[in-house]
Amino acid sequence: MEKKDKSEYVIQSVDHAVDLLEQFQGDLDELGVTELSRRMNLHKNNVFRLLATLESRNYIQQNSATGDYRLGLKTLELGQIFIKQQWLLRQSRPVLEALVKECNETSYISVFKDHQTVCVDTVETDHAVRVFQRVGTRLPAYCTAAGKILLASMTTGELDSYISGRDLKKYTPNTITDREMLNRHLYEVADQGFAMDDEEHDNGVRSISSPLRDYTRRLIGAVSISAPSNRFSYERMEKEFIPLIRTAQERICAKFGYGREFSRMAIG
């Protein structure tokens, strides 16, 4: 069966919306409906509908004084996310590779989106039996090491809202689904400065994570080590994994201008 060219799948309305956003280039801060209609060769009614849709999602905003339109804050937010994630990957990759050389277990970087963790880079061990952490994988926060880093960095109000408003699915016998117990556990995570997934999302898999922050102390992600539980003993965690994950954390955070004080993530 012959493969179709991707251009055949293009949705015209989405294509027009992207085309509209791309009109705001160079010195063109603002454009009106008439000018956009001329540039895009579209009827004014179509342009207005596109503008209304993009404005509702904050990709476009209207200047109330002139009636013209300009790019909205959402476009800036997306650009900043892209820049920060690319910078995070470039800065953290050598540290990840060094971490795997030290412990010979899968290590990865996660960022946070919609109260989930998203793996953005991973370096695997050469063990035949190993943890696969695929780039792009989304996992729930409350039962993963990297996710607990996110939750432990929330304010008390944010954390209460998360815990009370969520169905805590039990993935394994070790998954913490009691809300009070989870709340107490996250305070422990904040106090010790790292989080552990003790076979809470996948049977036979343990992980440890530490937070990554930039010079403003803002949480930008987490660095983690994952291994089959038969190689991830508590003794190995204390003697090897905790020192290694702290060193990796410090090396990555230093690249973002964050100091060496890593005790107590703030919940408050």
# chains A, B, ... in the order shown; residues from 1 in each chain; ligands from 1
$ residues_around --residues "A:Lys170" --least-positions-apart "4" --cutoff "9 Å" --atoms "only C-alpha atoms" --output "number ranges by chain"
A: 143, 174-177, 200-201
$ residues_around --residues "stretch 256-258 of chain A" --least-positions-apart "3" --cutoff "6 Å" --atoms "only C-alpha atoms" --output "number ranges by chain"
A: 214-215, 253
$ residues_around --residues "stretch 179-182 of chain A" --least-positions-apart "2" --cutoff "9 Å" --atoms "only C-alpha atoms" --output "list in words"
Tyr142, Ile163, Ser164, Leu168, Ile176, Thr177, Arg184, His185, Leu186 and Tyr187 of chain A
$ write_last_selection --atoms "C-alpha atoms" --output "mmCIF file, in the first residue's frame"
data_model
loop_
_atom_site.group_PDB
_atom_site.id
_atom_site.type_symbol
_atom_site.label_atom_id
_atom_site.label_comp_id
_atom_site.auth_asym_id
_atom_site.auth_seq_id
_atom_site.Cartn_x
_atom_site.Cartn_y
_atom_site.Cartn_z
ATOM 1 C CA TYR A 142 1.523 10.773 43.105
ATOM 2 C CA ILE A 163 -4.961 15.481 46.585
ATOM 3 C CA SER A 164 -8.633 16.252 47.245
ATOM 4 C CA LEU A 168 -5.750 8.063 43.258
ATOM 5 C CA ILE A 176 -0.296 5.221 48.256
ATOM 6 C CA THR A 177 -3.992 5.986 47.760
ATOM 7 C CA ARG A 184 2.451 13.040 55.181
ATOM 8 C CA HIS A 185 4.702 11.187 52.752
ATOM 9 C CA LEU A 186 5.156 14.285 50.572
ATOM 10 C CA TYR A 187 6.216 16.304 53.604
#
$ closest_residue --among "A:Leu20, A:Met237, A:Leu73, A:Ala227" --to "A:Asn46" --atoms "only C-alpha atoms"
A:Leu20
$ closest_residue --among "A:Arg218, A:Lys239, A:Arg130, A:Arg93" --to "A:Arg206" --atoms "only C-alpha atoms"
A:Arg130
$ residues_around --residues "A:Asp126" --least-positions-apart "2" --cutoff "9 Å" --atoms "only C-alpha atoms" --output "ChimeraX atom specification"
/A:104-106,124,128-130
$ atom_distance --atom1 "atom CA of A:Ile208" --atom2 "atom CA of A:Glu102"
15.1 Å
$ residues_around --residues "A:Thr122" --least-positions-apart "5" --cutoff "7 Å" --atoms "only C-alpha atoms" --output "compact mmCIF listing (two decimals) with N, CA and C atoms, in the first residue's frame"
# COMPACT_ATOMS: atom_id res chain seq x y z
N SER A 107 18.97 6.25 33.73
CA SER A 107 18.80 7.58 34.34
C SER A 107 18.11 8.48 33.33
N TYR A 108 17.33 9.43 33.84
CA TYR A 108 16.55 10.27 32.92
C TYR A 108 16.18 11.61 33.56
N ILE A 109 15.77 12.52 32.69
CA ILE A 109 15.30 13.85 33.09
C ILE A 109 13.80 13.93 32.80
N GLN A 133 12.71 3.75 29.96
CA GLN A 133 12.02 5.01 30.19
C GLN A 133 12.00 5.77 28.87
N VAL A 135 11.33 8.46 26.00
CA VAL A 135 11.13 9.91 25.89
C VAL A 135 9.70 10.19 25.47
$ residues_around --residues "A:Asn183" --least-positions-apart "5" --cutoff "10 Å" --atoms "only C-alpha atoms" --output "list in words"
Tyr142, Leu151, Ala152, Thr156, Leu159, Asp160, Ile163, Ile176, Asp178, Glu188 and Val189 of chain A
$ select_by_dssp --residues "stretch 10-103 of chain A" --states "alpha helix (DSSP H)" --output "PyMOL selection string"
chain A and resi 12-21+33-40+44-56+73-103
$ select_by_dssp --residues "stretch 218-261 of chain A" --states "strand (DSSP E or B)" --output "PDB file with N, CA and C atoms, in the first residue's frame"
ATOM      1  N   LEU A 219      11.266  25.336  40.169  1.00  0.00           N
ATOM      2  CA  LEU A 219      11.426  23.933  39.793  1.00  0.00           C
ATOM      3  C   LEU A 219      11.322  23.791  38.282  1.00  0.00           C
ATOM      4  N   ILE A 220      12.343  23.200  37.645  1.00  0.00           N
ATOM      5  CA  ILE A 220      12.329  23.035  36.193  1.00  0.00           C
ATOM      6  C   ILE A 220      12.284  21.575  35.771  1.00  0.00           C
ATOM      7  N   GLY A 221      12.425  20.652  36.724  1.00  0.00           N
ATOM      8  CA  GLY A 221      12.390  19.245  36.365  1.00  0.00           C
ATOM      9  C   GLY A 221      12.937  18.382  37.477  1.00  0.00           C
ATOM     10  N   ALA A 222      13.254  17.145  37.133  1.00  0.00           N
ATOM     11  CA  ALA A 222      13.813  16.201  38.101  1.00  0.00           C
ATOM     12  C   ALA A 222      14.781  15.273  37.383  1.00  0.00           C
ATOM     13  N   VAL A 223      15.816  14.844  38.092  1.00  0.00           N
ATOM     14  CA  VAL A 223      16.751  13.843  37.587  1.00  0.00           C
ATOM     15  C   VAL A 223      16.506  12.560  38.376  1.00  0.00           C
ATOM     16  N   SER A 224      16.488  11.428  37.678  1.00  0.00           N
ATOM     17  CA  SER A 224      16.087  10.172  38.314  1.00  0.00           C
ATOM     18  C   SER A 224      16.983   9.011  37.919  1.00  0.00           C
ATOM     19  N   ILE A 225      17.010   8.029  38.793  1.00  0.00           N
ATOM     20  CA  ILE A 225      17.621   6.727  38.522  1.00  0.00           C
ATOM     21  C   ILE A 225      16.543   5.685  38.725  1.00  0.00           C
ATOM     22  N   SER A 226      16.388   4.758  37.780  1.00  0.00           N
ATOM     23  CA  SER A 226      15.429   3.661  37.910  1.00  0.00           C
ATOM     24  C   SER A 226      16.131   2.334  37.672  1.00  0.00           C
ATOM     25  N   ALA A 227      15.696   1.321  38.420  1.00  0.00           N
ATOM     26  CA  ALA A 227      16.302  -0.007  38.275  1.00  0.00           C
ATOM     27  C   ALA A 227      15.310  -1.066  38.719  1.00  0.00           C
ATOM     28  N   PRO A 228      15.483  -2.298  38.225  1.00  0.00           N
ATOM     29  CA  PRO A 228      14.682  -3.405  38.755  1.00  0.00           C
ATOM     30  C   PRO A 228      14.913  -3.513  40.263  1.00  0.00           C
TER      31      PRO A 228
END
$ atom_distance --atom1 "atom CA of A:Lys44" --atom2 "atom CA of A:Gly72"
20.4 Å
$ closest_atom_pairs --of "stretch 12-31 of chain A" --to "stretch 47-64 of chain A" --cutoff "9 Å" --atoms "only C-alpha atoms" --output "CSV"
residue,atom,partner,partner_atom,distance
A:Ser13,CA,A:Leu50,CA,8.2
A:His16,CA,A:Leu50,CA,7.8
A:Ala17,CA,A:Leu50,CA,6.1
A:Leu20,CA,A:Leu50,CA,8.0
A:Leu21,CA,A:Ile60,CA,8.1
A:Glu30,CA,A:Asn63,CA,8.3
$ write_last_selection --atoms "N, CA and C atoms" --output "PDB file, in the first residue's frame"
ATOM      1  N   SER A  13      -8.196  24.631   8.339  1.00  0.00           N
ATOM      2  CA  SER A  13      -8.444  25.666   9.345  1.00  0.00           C
ATOM      3  C   SER A  13      -7.236  25.824  10.276  1.00  0.00           C
ATOM      4  N   HIS A  16      -4.553  27.672   8.375  1.00  0.00           N
ATOM      5  CA  HIS A  16      -4.843  29.110   8.333  1.00  0.00           C
ATOM      6  C   HIS A  16      -4.509  29.776   9.665  1.00  0.00           C
ATOM      7  N   ALA A  17      -4.787  29.087  10.774  1.00  0.00           N
ATOM      8  CA  ALA A  17      -4.505  29.656  12.089  1.00  0.00           C
ATOM      9  C   ALA A  17      -3.008  29.860  12.291  1.00  0.00           C
ATOM     10  N   LEU A  20      -1.876  32.727  10.195  1.00  0.00           N
ATOM     11  CA  LEU A  20      -2.215  34.006  10.822  1.00  0.00           C
ATOM     12  C   LEU A  20      -1.164  34.385  11.876  1.00  0.00           C
ATOM     13  N   LEU A  21      -0.785  33.434  12.724  1.00  0.00           N
ATOM     14  CA  LEU A  21       0.223  33.713  13.756  1.00  0.00           C
ATOM     15  C   LEU A  21       1.551  34.134  13.133  1.00  0.00           C
ATOM     16  N   GLU A  30       1.331  44.844  15.605  1.00  0.00           N
ATOM     17  CA  GLU A  30      -0.119  44.732  15.568  1.00  0.00           C
ATOM     18  C   GLU A  30      -0.617  44.750  14.124  1.00  0.00           C
TER      19      GLU A  30
END
$ atom_distance --atom1 "atom CA of A:Arg231" --atom2 "atom CA of A:Tyr171"
21.3 Å
$ decode --residues "stretch 174-247 of chain A" --atoms "C-alpha atoms" --output "PDB file, in the first residue's frame"
ATOM      1  CA  ASN A 174       2.478  -0.299  47.246  1.00  0.00           C
ATOM      2  CA  THR A 175       0.642   2.642  45.632  1.00  0.00           C
ATOM      3  CA  ILE A 176      -0.296   5.221  48.256  1.00  0.00           C
ATOM      4  CA  THR A 177      -3.992   5.986  47.760  1.00  0.00           C
ATOM      5  CA  ASP A 178      -4.859   7.230  51.239  1.00  0.00           C
ATOM      6  CA  ARG A 179      -4.898  11.026  50.983  1.00  0.00           C
ATOM      7  CA  GLU A 180      -3.666  11.725  54.511  1.00  0.00           C
ATOM      8  CA  MET A 181      -0.866   9.192  54.157  1.00  0.00           C
ATOM      9  CA  LEU A 182       0.170  10.694  50.805  1.00  0.00           C
ATOM     10  CA  ASN A 183       0.187  14.176  52.312  1.00  0.00           C
ATOM     11  CA  ARG A 184       2.451  13.040  55.181  1.00  0.00           C
ATOM     12  CA  HIS A 185       4.702  11.187  52.752  1.00  0.00           C
ATOM     13  CA  LEU A 186       5.156  14.285  50.572  1.00  0.00           C
ATOM     14  CA  TYR A 187       6.216  16.304  53.604  1.00  0.00           C
ATOM     15  CA  GLU A 188       8.906  13.681  54.186  1.00  0.00           C
ATOM     16  CA  VAL A 189       9.987  14.059  50.553  1.00  0.00           C
ATOM     17  CA  ALA A 190      10.233  17.817  51.000  1.00  0.00           C
ATOM     18  CA  ASP A 191      12.250  17.383  54.175  1.00  0.00           C
ATOM     19  CA  GLN A 192      14.774  14.904  52.782  1.00  0.00           C
ATOM     20  CA  GLY A 193      15.176  16.565  49.380  1.00  0.00           C
ATOM     21  CA  PHE A 194      14.644  13.457  47.250  1.00  0.00           C
ATOM     22  CA  ALA A 195      11.786  11.088  46.412  1.00  0.00           C
ATOM     23  CA  MET A 196      11.536   7.341  45.957  1.00  0.00           C
ATOM     24  CA  ASP A 197       9.101   5.215  44.006  1.00  0.00           C
ATOM     25  CA  ASP A 198       9.083   1.924  45.918  1.00  0.00           C
ATOM     26  CA  GLU A 199       7.325  -0.255  43.319  1.00  0.00           C
ATOM     27  CA  GLU A 200       4.365   2.132  43.505  1.00  0.00           C
ATOM     28  CA  HIS A 201       3.687   2.483  39.780  1.00  0.00           C
ATOM     29  CA  ASP A 202       5.207  -0.710  38.368  1.00  0.00           C
ATOM     30  CA  ASN A 203       5.814  -3.948  40.216  1.00  0.00           C
ATOM     31  CA  GLY A 204       9.510  -4.784  40.330  1.00  0.00           C
ATOM     32  CA  VAL A 205      10.713  -1.235  39.598  1.00  0.00           C
ATOM     33  CA  ARG A 206      12.180   1.286  42.039  1.00  0.00           C
ATOM     34  CA  SER A 207      13.262   4.865  41.304  1.00  0.00           C
ATOM     35  CA  ILE A 208      14.856   7.788  43.069  1.00  0.00           C
ATOM     36  CA  SER A 209      14.579  11.446  41.987  1.00  0.00           C
ATOM     37  CA  SER A 210      15.920  14.836  43.004  1.00  0.00           C
ATOM     38  CA  PRO A 211      14.610  18.285  42.026  1.00  0.00           C
ATOM     39  CA  LEU A 212      16.231  20.546  39.447  1.00  0.00           C
ATOM     40  CA  ARG A 213      15.926  24.313  39.974  1.00  0.00           C
ATOM     41  CA  ASP A 214      17.136  27.399  38.165  1.00  0.00           C
ATOM     42  CA  TYR A 215      18.667  30.568  39.590  1.00  0.00           C
ATOM     43  CA  THR A 216      15.226  31.841  40.655  1.00  0.00           C
ATOM     44  CA  ARG A 217      14.700  28.626  42.712  1.00  0.00           C
ATOM     45  CA  ARG A 218      11.900  27.665  40.310  1.00  0.00           C
ATOM     46  CA  LEU A 219      11.426  23.933  39.793  1.00  0.00           C
ATOM     47  CA  ILE A 220      12.329  23.035  36.193  1.00  0.00           C
ATOM     48  CA  GLY A 221      12.390  19.245  36.365  1.00  0.00           C
ATOM     49  CA  ALA A 222      13.813  16.201  38.101  1.00  0.00           C
ATOM     50  CA  VAL A 223      16.751  13.843  37.587  1.00  0.00           C
ATOM     51  CA  SER A 224      16.087  10.172  38.314  1.00  0.00           C
ATOM     52  CA  ILE A 225      17.621   6.727  38.522  1.00  0.00           C
ATOM     53  CA  SER A 226      15.429   3.661  37.910  1.00  0.00           C
ATOM     54  CA  ALA A 227      16.302  -0.007  38.275  1.00  0.00           C
ATOM     55  CA  PRO A 228      14.682  -3.405  38.755  1.00  0.00           C
ATOM     56  CA  SER A 229      13.975  -3.832  42.456  1.00  0.00           C
ATOM     57  CA  ASN A 230      16.312  -6.830  42.740  1.00  0.00           C
ATOM     58  CA  ARG A 231      19.212  -4.447  41.957  1.00  0.00           C
ATOM     59  CA  PHE A 232      17.728  -1.502  43.837  1.00  0.00           C
ATOM     60  CA  SER A 233      18.116  -2.517  47.465  1.00  0.00           C
ATOM     61  CA  TYR A 234      17.645  -0.020  50.286  1.00  0.00           C
ATOM     62  CA  GLU A 235      21.296  -0.503  51.174  1.00  0.00           C
ATOM     63  CA  ARG A 236      22.386   0.346  47.637  1.00  0.00           C
ATOM     64  CA  MET A 237      20.086   3.349  47.658  1.00  0.00           C
ATOM     65  CA  GLU A 238      21.649   4.732  50.854  1.00  0.00           C
ATOM     66  CA  LYS A 239      25.267   4.021  49.958  1.00  0.00           C
ATOM     67  CA  GLU A 240      25.238   4.649  46.195  1.00  0.00           C
ATOM     68  CA  PHE A 241      22.098   6.100  44.648  1.00  0.00           C
ATOM     69  CA  ILE A 242      21.451   8.983  47.057  1.00  0.00           C
ATOM     70  CA  PRO A 243      25.014  10.369  46.835  1.00  0.00           C
ATOM     71  CA  LEU A 244      25.025   9.945  43.041  1.00  0.00           C
ATOM     72  CA  ILE A 245      21.635  11.569  42.470  1.00  0.00           C
ATOM     73  CA  ARG A 246      22.595  14.503  44.712  1.00  0.00           C
ATOM     74  CA  THR A 247      25.839  15.005  42.796  1.00  0.00           C
TER      75      THR A 247
END
